[in-house]
Structures are given as C-alpha cells and as structure tokens.
Amino acid sequence: MTEESDYPDEREQKPESEIDQQSVAKSIVEHEDEIRTALEEMDAEPPEDKEVGLQLPKLDLGRRQFMAAGSLGLAGATTGCLDRLDGDNGQTRRGVAEADVPPGEHDDYYAFLSGGHSGEVRVYGIPSMRQLMRIPVFNTEAARGYGYDEETREMLEDSGGYTWGDTHHPRLSQTDNDYDGRFAYINDKANGRMARIDLEYFETDAIVDIPNTQGVHGACAQLPDTELIFGVGEFRVPIPNDGRDLDDPDEYGSVCTAIDPETMNVEWQVEVDGNLDNGDGSKDGRWFFSTGYNDEGGVNEAEMTRDDRQHTKAFDIPAIWDAIEDGEYEMINGVRVLDGTQDSPLNQGDRPIVRYVPTPKNPHGVSVTPDNKYAISSGKLDPTTTIIDIEALGEVDDPADAIVGQPNLGIGPLHTAYDGRGHAYTTLFVDSQVVKWDIEAAVEAYPEDGDGDSPAVIEKIDVHYNPGHLIASESYTADPEGDWLLSLNKLSQDRFLPVGPVHPENDQLIYIGDDEEGMQLVKDTPAYPEPHDASIVSADKLNPTQVYDREDQPDKEYISSDDNEIIRDGDEVHIKMHNQRNHFGFEDITVQEGDTVTITTTNVESTPDILHSLAIPNYDINLKIAPQETREVTFEATEPGVHWFYCAYFCSALHLEMRSRLLVEPAD
Ligand code: K7E
Ligand code: CUA
C-alpha cells in the first residue's frame with residue numbers, strides 16, 4: 001500500500017509531436033497483456049481465498065472484477081451495481097471500485113470539513129471527493145453574498161467584527177446518537193467563537209463570541225441528543241483577560257464552555273488546571289472528555305514539553321449542573337464559571353466535577369468509541385494511545401485506575417476514528433501513516449504491551465504526508481458505516497503540480513470496508529489551507545431545501561413585481577424591488593450623495609438554481625439572492641456618479657443585460 005512519490009519522473013514527458021504512434025500502440029498491447037496475465041493468476045487462486053476476502057453483505061465483487069475495474073478505469077461500466085453494498089438503513093453504498101462516482105450520479109455521503117484559517121467549512125461528496133460547496137462562517141465570501149448584506153454583516157459585527165477565523169472541528173447535531181440533519185457547529189480557534197450552520201440552507205445562522213477564553217479549539221455536541229455544545233480553551237489567559245496578571249502565568253486559566261445549541265447562549269464554563277485541546281463526548285451524555293498538552297502552565301515550548309504526563313480531563317456534566325443548582329459558581333463577564341481545578345472543593349467529594357486522567361505525553365486527540373465503552377486519547381509526543389474505560393471512570397477513586405489499555409502504535413499518534421467493527425484507526429503524524437488496530441486486543445494486552453508495536457496493531461498504511469485528523473464515515477455516531485476513511489494530511493509536498501510556495505494540503509480517501517484486503521488508498525484530493533477535522537454523514541440523513549419558502553423568512557418583506565417602490569424620508573431612501581430573469585424592479589434609481597440607502601430585494605423565481613445577485617460597483621456590495629429569497633443592504637451613497645448595478649450569477653442568455661443604473665447626484 002506504500003505509494004512512493006514518483007512526481008519528478010512523470011514530468012519528463014515528450015512533446016506530443018515526438019511521440020511515436022507505433023510505440024504507443026505497442027505499449028497499450030503490452031499493458032493489456034499484463035492485465036490479462038494478472039487476471040489469469042487470480043483465477044488460479046483457490047475459491048475459498050476469495051470467500052475470506054468478502055465479508056460484507058452484498059459486496060459480491062470478485063477480485064477479478066475489482067482488478068479489471070480498477071486497472072481499466074471503467075468502474076461504473078464494468079461492475080455496475082455488483083459493487084454496491086447495503087448500509088445499516090438499507091441504503092445502497094458504493095464500494096471501492098465505484099469510488100469514481102460517474103458523471104451525473106450522486107455520492108453516498110456528505111463530508112463536512114473545516115477550512116482552518118480560511119474561516120470556512122467545505123462540503124465534499126464521498127467517495128467522489130468532489131467539492132460540492134463551501135460555507136463561509138467566520139470569513140466573508142462575495143460569491144455567497146456572505147458579509148455583504150445586512151444580516152450577515154450584523155452577525156459578523158455582533159460576534160466581534162473580525163474578518164477571519166480558524167475553523168477546526170465541524171460537528172453535526174445528533175438525535176439518539178445519530179445525525180439528525182439539523183445543524184453543524186464549528187469552532188473559531190483564533191477569536192474564541194462558536195458558529196452554527198443551518199443544514200436546511202447550508203448557511204451560517206448564528207455566531208457566539210465566547211467570553212473568558214482564548215483559542216477555542218476542541219468542539220463537540222453533548223450526546224445523545226445535542227443538549228449542549230462544548231468548546232474548549234487552548235490558550236491559558238487571565239480570567240477575565242482585561243490587563244490584570246499580564247505576566248503572571250500562574251494566574252492564567254483555561255475553561256471548557258457549554259453552549260445552548262438552540263439559543264447559542266453560553267450556559268456555563270468550568271476552569272481547569274493546564275490547558276484544553278481536543279474534545280469528544282460520551283454517548284450517554286454524562287461525560288465530556290478533553291485532552292490538554294500544557295499542564296505545566298508553560299508559556300514557551302520548553303516549559304510546555306517538560307513533563308512526561310499531562311491529563312485527559314473528564315467533565316461530569318450532571319455533576320456540573322448539580323453544582324450550578326447549589327450556586328457553586330462565580331459570575332464573570334455574565335457567565336457562570338465553576339472552579340474545576342484539581343484543588344477545588346468541587347473536586348474533593350465523591351462526585352468531582354472534573355476527573356483528571358493521567359495521559360502521556362502532551363495528548364492531542366480524544367474520541368469515544370461508538371459503543372461508548374472507551375475514550376481513547378492520543379499521546380502525540382508518546383507512541384501510545386490511552387484507553388479510558390468510561391464506566392469505570394465513574395466508579396474508581398483514582399482516575400488512573402480507569403485506564404485499561406495503552407497500546408504502542410507508532411510515532412506521533414494524533415487522532416482516532418472508528419469503523420464500528422471494533423477497529424480503531426489512528427493517525428501517526430511523524431510516521432506519516434494511519435494505523436489500524438483492534439481495541440479489545442489492546443485492552444487484553446494491557447499492561448504487558450512491550451516496547452515495539454502493540455500486538456493490537458493490525459496494519460499500517462502510508463499517507464502523504466503527515467496526517468492530522470482522520471475520520472471514518474459516521475464515526476462520531478453510535479453506529480459508524482465503516483466503509484470510508486478520510487485522512488487529512490498536512491503536507492502534500494510533491495503529490496500535485498506545483499503552484500508556488502504555498503502547497504495544497506492533501507485529503508486522502510482510504511477504503512476500509514474490506515478487513516481482509518486491508519486499507520486501500522483510493523485517491524488524493526488537493527485541499528486549500530487547511531482542513532483539520534471532518535464529519536461524514538450519510539446523504540439520506542440530510543434534506544437541504546432547494547428553493548426558499550416565503551415562510552422561511554418571516555422577518556423579511558417579500559417584494560413581488562407589484563411591490564416595487566422607492567420610499568424617501570429626508571435623506572433616507574428605501575428601495576424595494578424584485579429581481580428575476582433578466583431585470584431588477586427598477587431600471588434607474590436616483591439618490592443624492594449623502595443619502596442612506598436601503599435596498600430590499602426578492603428573487604421572485606421559483607426555479608431551482610436560478611440565482612441572481614445584486615452587485616453594486618464602487619460600493620463593495622454583492623448580495624446573493626436565491627429563488628424566493630429576500631436580502632437587504634444599507635449603505636451611504638458616498639460616491640457620486642453612474643453605478644451600474646448588475647447580476648453576478650450567470651442566470652440566462654440575457655444575464656449580461658440584467659443591470660440597472662444607480663445614479664448618485666452630487667451634493668452641491
Ligand atoms: Cu489535531 Cu485543531 Cu483537532 Cu488540527 S486539531 S490536526
Ligand atoms: Cu440574474 Cu445574472
């Protein structure tokens with residue numbers, strides 16, 4: 001499965017004119033001969049060998065068919081539905097030979113990937129890896145009018161007025177430990193925020209600026225029914241961070257924040273010792289786990305890597321609510337803050353609000369197994385992951401006694417995903433590999449795990465290069481599908497055509513649906529900087545709307561073609577106009593320099609995919625208006641002159657003619 005980089009060789013191509021047509025024909029014949037030989041060899045293998053390899057229901061594809069399909073690149077044509085297998089809900093799933101979804105066909109899954117410091121979320125189809133959409137969240141994006149109309153401008157302004165964010169962990173709402181298709185939540189590490197994306201419209205609909213915390217990093221929903229959203233502070237800062245204790249790191253702190261998923265209000269925060277990094281929740285709603293790599297409380301690299309052991313913190317959610325009921329909190333910047341440090345009185349009784357599980361070394365990722373038995377925390381600077389028994393954690397006196405496994409996996413373990421068949425998949429950042437291992441085998445081997453690789457290790461596959469997160473289909477639910485694995489690699493180096501010093505990242509798709517064949521690297525996908533985590537959800541669990549319903553926007557005035565109107569009140573001008581193929585409600589709009597102009601405009605079309613925009617030159621405005629949608633913008637008419645406002649979405653043959661004049665008369 002190792003893929004050596006062969007990029008330099010591939011570049012030595014001859015110009016077309018020099019290619020000897022005869023030698024092309026010869027090499028095609030040779031290639032076909034090779035395939036035939038390979039297929040004959042496979043046919044000679046005993047049939048029981050094939051049976052072993054095909055454990056999944058309806059994956060009826062023989063190795064011969066797979067070889068033929070893969071080699072000839074005719075997956076859809078030659079294997080057809082032979083390659084499909086059924087998901088848990090009876091949906092048909094593509095197998096490895098159909099990873100290239102043919103033109104016009106749809107993917108089986110949506111993948112939601114964070115966009116890192118681009119501030120957005122991306123949507124891929126799996127297994128095609130086609131990028132279906134980008135959802136602006138903390139950034140502005142003119143192609144979707146995001147940050148260019150009143151509503152989205154206000155949302156960005158009210159949450160701090162920043163123009164960028166750093167998204168890492170997109171987590172989808174669940175009901176009964178399964179995706180319910182309602183919302184995605186995403187953190188902003190840069191500016192300490194959490195945002196919500198409405199999955200009916202694939203649009204960001206709320207952002208909360210979280211007080212008392214910096215570097216909001218790990219994020220997840222309280223399961224099974226998304227009662228809270230958690231975000232954790234990676235950077236320790238004074239609380240409140242108002243200039244006090246500037247250079248007194250002992251006074252810095254880090255909090256875990258709980259947010260109401262409907263109102264997006266901050267419910268409470270718990271301060272801990274050390275920092276917090278990544279997080280995941282138990283399936284029963286009792287625990288939220290977070291790693292932390294700086295229990296030393298250091299402020300430089302040497303201090304932050306001093307100790308060999310930090311902690312995975314387990315927040316006991318019901319115990320925290322009990323403490324709040326008892327009034328055991330302090331109001332800081334309008335938020336109930338509880339003391340969850342190790343010496344806190346709230347951690348002394350028989351129901352501590354935070355349990356500190358010792359974990360080597362500078363642990364990074366933590367994730368809960370689908371069966372809710374274990375939380376698995378990766379060592380990052382230690383070759384092990386630490387397996388915490390979730391049930392035991394609530395019973396033992398010393399949290400260290402809840403550790404039931406610590407397999408040696410390789411160098412730089414970061415994140416772990418699950419296939420629902422008892423296997424874990426962990427990224428090894430330094431080794432540049434994904435390791436597949438058997439969770440129960442690691443528990444059985446503990447504590448005699450030895451020095452080399454744990455006996456629980458099943459297989460390793462090279463990835464290209466240096467993986468951060470990885471995610472399997474529906475891995476964060478109680479019932480993963482177990483067919484696809486996405487490895488989000490930090491470096492692509494030589495995997496793609498060079499595009500200057502900023503290289504794309506490399507998102508790699510790996511097939512994991514065949515335990516006998518093992519992990520199969522299926523494709524590379526260049527990614528704009530830079531995805532961290534992802535969530536993969538079965539396509540049938542989302543039901544995005546194709547056209548707005550008028551009722552969807554109760555607080556907006558729908559402007560039909562009969563409602564076109566210009567209302568003047570002193571120097572305030574309100575323009576109400578519809579838009580449709582191929583015109584706006586007014587051919588000319590005249591205002592005075594200095595007027596405050598509000599435009600409310602409705603796309604009155606009801607045909608899917610016929611979007612218009614309202615682009616106004618010289619005014620930095622571009623509204624996106626989807627069918628039956630109404631958008632509004634307010635601006636000062638500061639620029640006298642003729643401004644052709646036009647539609648930027650290519651909507652029809654007369655799209656270019658879809659433009660009108662904004663005439664701004666100069667003030668005397
Ligand atoms: Cu490992 Cu922000 Cu989840 Cu990046 S984090 S990789
Ligand atoms: Cu409307 Cu182009």
# chains A, B, ... in the order shown; residues from 1 in each chain; ligands from 1
$ residues_around --residues "A:Arg631" --least-positions-apart "6" --cutoff "9 Å" --atoms "only C-alpha atoms" --output "ChimeraX atom specification"
/A:149-151,556,599-603,623-625
$ write_last_selection --atoms "all heavy atoms" --output "short mmCIF file (atom, residue, chain, number, x, y, z; two decimals), in the first residue's frame"
data_model
loop_
_atom_site.label_atom_id
_atom_site.label_comp_id
_atom_site.auth_asym_id
_atom_site.auth_seq_id
_atom_site.Cartn_x
_atom_site.Cartn_y
_atom_site.Cartn_z
N ASP A 149 -24.29 41.62 2.99
CA ASP A 149 -25.65 42.11 3.19
C ASP A 149 -25.85 42.39 4.67
O ASP A 149 -24.98 42.11 5.50
CB ASP A 149 -26.70 41.12 2.64
CG ASP A 149 -26.81 39.86 3.48
OD1 ASP A 149 -26.01 39.70 4.43
OD2 ASP A 149 -27.68 39.04 3.20
N GLU A 150 -27.00 42.99 4.99
CA GLU A 150 -27.22 43.49 6.34
C GLU A 150 -27.16 42.37 7.37
O GLU A 150 -26.53 42.48 8.42
CB GLU A 150 -28.60 44.16 6.38
CG GLU A 150 -28.62 45.48 7.07
CD GLU A 150 -27.48 46.39 6.68
OE1 GLU A 150 -27.00 46.33 5.54
OE2 GLU A 150 -27.05 47.16 7.55
N GLU A 151 -27.83 41.28 7.06
CA GLU A 151 -27.98 40.20 8.02
C GLU A 151 -26.63 39.57 8.38
O GLU A 151 -26.28 39.42 9.56
CB GLU A 151 -28.90 39.15 7.39
CG GLU A 151 -29.37 38.07 8.30
CD GLU A 151 -30.26 37.09 7.55
OE1 GLU A 151 -30.57 37.33 6.36
OE2 GLU A 151 -30.64 36.07 8.16
N LYS A 556 -38.61 39.07 6.97
CA LYS A 556 -38.23 39.83 5.78
C LYS A 556 -39.47 40.11 4.93
O LYS A 556 -40.38 39.29 4.84
CB LYS A 556 -37.24 39.01 4.94
CG LYS A 556 -35.93 38.71 5.65
CD LYS A 556 -34.74 39.26 4.86
CE LYS A 556 -33.43 38.98 5.56
NZ LYS A 556 -33.08 37.57 5.49
N ILE A 599 -31.66 48.84 0.31
CA ILE A 599 -32.30 48.09 -0.78
C ILE A 599 -32.78 46.77 -0.22
O ILE A 599 -32.01 46.02 0.39
CB ILE A 599 -31.31 47.83 -1.95
CG1 ILE A 599 -30.80 49.15 -2.53
CG2 ILE A 599 -32.00 47.00 -3.03
CD1 ILE A 599 -29.79 48.99 -3.66
N THR A 600 -34.06 46.50 -0.40
CA THR A 600 -34.62 45.19 -0.08
C THR A 600 -35.03 44.56 -1.39
O THR A 600 -35.76 45.18 -2.18
CB THR A 600 -35.86 45.33 0.83
OG1 THR A 600 -35.52 46.14 1.95
CG2 THR A 600 -36.35 43.97 1.30
N THR A 601 -34.52 43.38 -1.65
CA THR A 601 -34.81 42.78 -2.96
C THR A 601 -35.09 41.29 -2.84
O THR A 601 -34.42 40.58 -2.09
CB THR A 601 -33.66 43.08 -3.96
OG1 THR A 601 -34.04 42.59 -5.26
CG2 THR A 601 -32.35 42.45 -3.54
N THR A 602 -36.10 40.86 -3.57
CA THR A 602 -36.53 39.46 -3.56
C THR A 602 -36.33 38.86 -4.94
O THR A 602 -36.70 39.48 -5.94
CB THR A 602 -38.02 39.35 -3.19
OG1 THR A 602 -38.23 39.93 -1.90
CG2 THR A 602 -38.47 37.89 -3.17
N ASN A 603 -35.75 37.69 -4.98
CA ASN A 603 -35.69 36.90 -6.21
C ASN A 603 -37.02 36.17 -6.31
O ASN A 603 -37.31 35.26 -5.53
CB ASN A 603 -34.52 35.92 -6.13
CG ASN A 603 -34.41 35.02 -7.35
OD1 ASN A 603 -35.35 34.89 -8.13
ND2 ASN A 603 -33.25 34.38 -7.50
N LEU A 623 -24.93 41.10 -3.10
CA LEU A 623 -25.89 40.24 -2.41
C LEU A 623 -26.12 38.99 -3.25
O LEU A 623 -26.24 39.08 -4.47
CB LEU A 623 -27.24 40.94 -2.22
CG LEU A 623 -27.26 42.33 -1.61
CD1 LEU A 623 -28.71 42.74 -1.35
CD2 LEU A 623 -26.46 42.37 -0.34
N LYS A 624 -26.22 37.86 -2.58
CA LYS A 624 -26.69 36.65 -3.26
C LYS A 624 -28.18 36.52 -2.97
O LYS A 624 -28.60 36.65 -1.82
CB LYS A 624 -25.95 35.43 -2.72
CG LYS A 624 -26.54 34.12 -3.14
CD LYS A 624 -26.95 33.13 -2.04
CE LYS A 624 -27.53 33.68 -0.81
NZ LYS A 624 -28.09 32.69 0.12
N ILE A 625 -28.96 36.30 -4.02
CA ILE A 625 -30.40 36.15 -3.78
C ILE A 625 -30.87 34.88 -4.49
O ILE A 625 -30.97 34.83 -5.71
CB ILE A 625 -31.21 37.37 -4.28
CG1 ILE A 625 -30.51 38.69 -3.90
CG2 ILE A 625 -32.61 37.38 -3.68
CD1 ILE A 625 -30.19 39.57 -5.06
#
$ residues_around --residues "A:Pro504" --least-positions-apart "3" --cutoff "6 Å" --atoms "only C-alpha atoms" --output "number ranges by chain"
A: 526-528
$ residues_around --residues "A:Val237" --least-positions-apart "3" --cutoff "10 Å" --atoms "only C-alpha atoms" --output "NGL selection string"
:A and (212-215 or 233-234 or 240-242 or 244-255 or 275)
$ write_last_selection --atoms "N, CA, C and O atoms" --output "compact mmCIF listing (two decimals), in the first residue's frame"
# COMPACT_ATOMS: atom_id res chain seq x y z
N ASN A 212 -14.15 35.02 28.40
CA ASN A 212 -13.28 34.34 29.38
C ASN A 212 -12.42 33.23 28.78
O ASN A 212 -11.99 32.32 29.50
N THR A 213 -12.20 33.23 27.49
CA THR A 213 -11.46 32.12 26.89
C THR A 213 -10.75 32.58 25.64
O THR A 213 -11.17 33.54 24.99
N GLN A 214 -9.67 31.91 25.32
CA GLN A 214 -8.93 32.22 24.10
C GLN A 214 -8.53 30.91 23.43
O GLN A 214 -8.23 29.93 24.10
N GLY A 215 -8.53 30.95 22.10
CA GLY A 215 -8.15 29.75 21.37
C GLY A 215 -9.17 28.64 21.53
O GLY A 215 -8.82 27.51 21.86
N GLY A 233 -10.90 25.95 25.69
CA GLY A 233 -9.88 26.98 25.53
C GLY A 233 -8.48 26.40 25.48
O GLY A 233 -8.03 25.76 26.42
N GLU A 234 -7.79 26.64 24.39
CA GLU A 234 -6.45 26.09 24.24
C GLU A 234 -5.39 26.99 24.87
O GLU A 234 -4.40 26.51 25.42
N PRO A 240 -10.95 37.50 34.27
CA PRO A 240 -11.10 37.97 32.90
C PRO A 240 -9.78 38.54 32.36
O PRO A 240 -8.92 38.95 33.12
N ASN A 241 -9.68 38.58 31.06
CA ASN A 241 -8.44 38.98 30.39
C ASN A 241 -8.49 40.46 30.07
O ASN A 241 -8.63 40.87 28.92
N ASP A 242 -8.38 41.28 31.14
CA ASP A 242 -8.61 42.71 30.97
C ASP A 242 -7.37 43.54 31.31
O ASP A 242 -7.46 44.72 31.63
N ARG A 244 -5.15 42.50 33.73
CA ARG A 244 -4.61 42.03 35.01
C ARG A 244 -3.66 40.84 34.78
O ARG A 244 -3.73 40.18 33.73
N ASP A 245 -2.79 40.59 35.73
CA ASP A 245 -1.93 39.40 35.72
C ASP A 245 -1.24 39.17 34.37
O ASP A 245 -1.05 38.02 33.95
N LEU A 246 -0.86 40.27 33.74
CA LEU A 246 -0.32 40.16 32.38
C LEU A 246 0.80 39.13 32.26
O LEU A 246 0.78 38.26 31.39
N ASP A 247 1.79 39.24 33.15
CA ASP A 247 2.94 38.37 33.01
C ASP A 247 3.05 37.46 34.23
O ASP A 247 4.14 37.20 34.72
N ASP A 248 1.90 36.98 34.66
CA ASP A 248 1.87 36.08 35.81
C ASP A 248 1.14 34.79 35.40
O ASP A 248 -0.02 34.57 35.74
N PRO A 249 1.84 33.95 34.63
CA PRO A 249 1.19 32.78 34.04
C PRO A 249 0.52 31.86 35.06
O PRO A 249 -0.43 31.15 34.70
N ASP A 250 0.98 31.89 36.32
CA ASP A 250 0.33 31.04 37.32
C ASP A 250 -1.13 31.43 37.50
O ASP A 250 -1.95 30.61 37.94
N GLU A 251 -1.45 32.68 37.18
CA GLU A 251 -2.82 33.14 37.34
C GLU A 251 -3.66 32.91 36.08
O GLU A 251 -4.85 33.20 36.07
N TYR A 252 -3.04 32.44 35.02
CA TYR A 252 -3.80 32.18 33.79
C TYR A 252 -4.69 30.95 33.99
O TYR A 252 -4.40 30.08 34.82
N GLY A 253 -5.72 30.88 33.18
CA GLY A 253 -6.58 29.70 33.25
C GLY A 253 -7.18 29.38 31.89
O GLY A 253 -7.06 30.14 30.94
N SER A 254 -7.81 28.22 31.86
CA SER A 254 -8.43 27.75 30.63
C SER A 254 -9.79 27.17 31.01
O SER A 254 -9.90 26.49 32.03
N VAL A 255 -10.80 27.43 30.19
CA VAL A 255 -12.14 26.94 30.54
C VAL A 255 -12.72 26.08 29.44
O VAL A 255 -12.42 26.24 28.26
N ASN A 275 -4.15 23.39 30.14
CA ASN A 275 -4.98 23.89 29.04
C ASN A 275 -5.90 22.78 28.54
O ASN A 275 -5.94 21.67 29.09
$ closest_residue --among "A:Ile229, A:Val366, A:Ala667, A:Ala653" --to "ligand 2" --atoms "only C-alpha atoms and all ligand atoms"
A:Ala653
$ closest_residue --among "A:Leu654, A:Val272, A:Leu491, A:Leu409" --to "A:Ala456" --atoms "only C-alpha atoms"
A:Leu409
$ residues_near_ligand --ligand "ligand 2" --cutoff "9 Å" --atoms "only C-alpha atoms and all ligand atoms" --output "list in words"
Asn579, Gln580, Arg581, Asn582, His583, Phe584, Ile610, Leu611, His612, Ser613, Leu614, Tyr646, Cys647, Ala648, Tyr649, Phe650, Cys651, Ser652, Ala653, Leu654, His655, Leu656, Glu657, Met658 and Arg659 of chain A
$ select_by_dssp --residues "stretch 184-407 of chain A" --states "alpha helix (DSSP H)" --output "ChimeraX atom specification"
/A:301-304,317-325,390-393
$ closest_residue --among "A:Asp483, A:Asp588, A:Glu639, A:Asp188" --to "ligand 1" --atoms "only C-alpha atoms and all ligand atoms"
A:Asp188
$ residues_around --residues "A:Glu157" --least-positions-apart "6" --cutoff "12 Å" --atoms "only C-alpha atoms" --output "list in words"
Phe138, Asn139, Thr140, Gly147, Tyr148, Asp149, Glu150, Glu151, Thr163, Trp164, Ala206, Ile207, Val208 and Asp209 of chain A
$ residues_near_ligand --ligand "ligand 1" --cutoff "8 Å" --atoms "only C-alpha atoms and all ligand atoms" --output "list in words"
Thr167, His168, His169, Lys189, His217, Gly218, Asp277, Asn278, His364, Gly365, Leu414, His415, Pro467, Gly468, His469, Leu488, Lys490, Pro531, His532 and Asp533 of chain A
$ select_by_dssp --residues "stretch 50-264 of chain A" --states "strand (DSSP E or B)" --output "NGL selection string"
:A and (85-86 or 92-93 or 109-114 or 116 or 120-126 or 131-136 or 141 or 146 or 167 or 171-175 or 178-188 or 193-198 or 203-209 or 214-221 or 229-235 or 237 or 253-259)
$ residues_around --residues "A:Leu338" --least-positions-apart "3" --cutoff "9 Å" --atoms "only C-alpha atoms" --output "NGL selection string"
:A and (268-271 or 320 or 323-324 or 328-331 or 346)
$ closest_residue --among "A:Asn622, A:Gln628, A:Ser378, A:Gln508" --to "A:Gln553" --atoms "only C-alpha atoms"
A:Gln628
$ residues_around --residues "stretch 635-637 of chain A" --least-positions-apart "3" --cutoff "10 Å" --atoms "only C-alpha atoms" --output "PyMOL selection string"
chain A and resi 149-150+571-572+591-599+619-621+640-641+662-666
$ closest_atom_pairs --of "stretch 367-465 of chain A" --to "stretch 296-311 of chain A" --cutoff "10 Å" --atoms "only C-alpha atoms" --output "JSON lines"
{"residue": "A:Ser377", "atom": "CA", "partner": "A:His311", "partner_atom": "CA", "distance": 9.6}
{"residue": "A:Gly379", "atom": "CA", "partner": "A:Arg309", "partner_atom": "CA", "distance": 9.3}
{"residue": "A:Leu381", "atom": "CA", "partner": "A:Asp308", "partner_atom": "CA", "distance": 8.7}
{"residue": "A:Asp382", "atom": "CA", "partner": "A:Asp308", "partner_atom": "CA", "distance": 8.5}
{"residue": "A:Ala400", "atom": "CA", "partner": "A:His311", "partner_atom": "CA", "distance": 9.9}
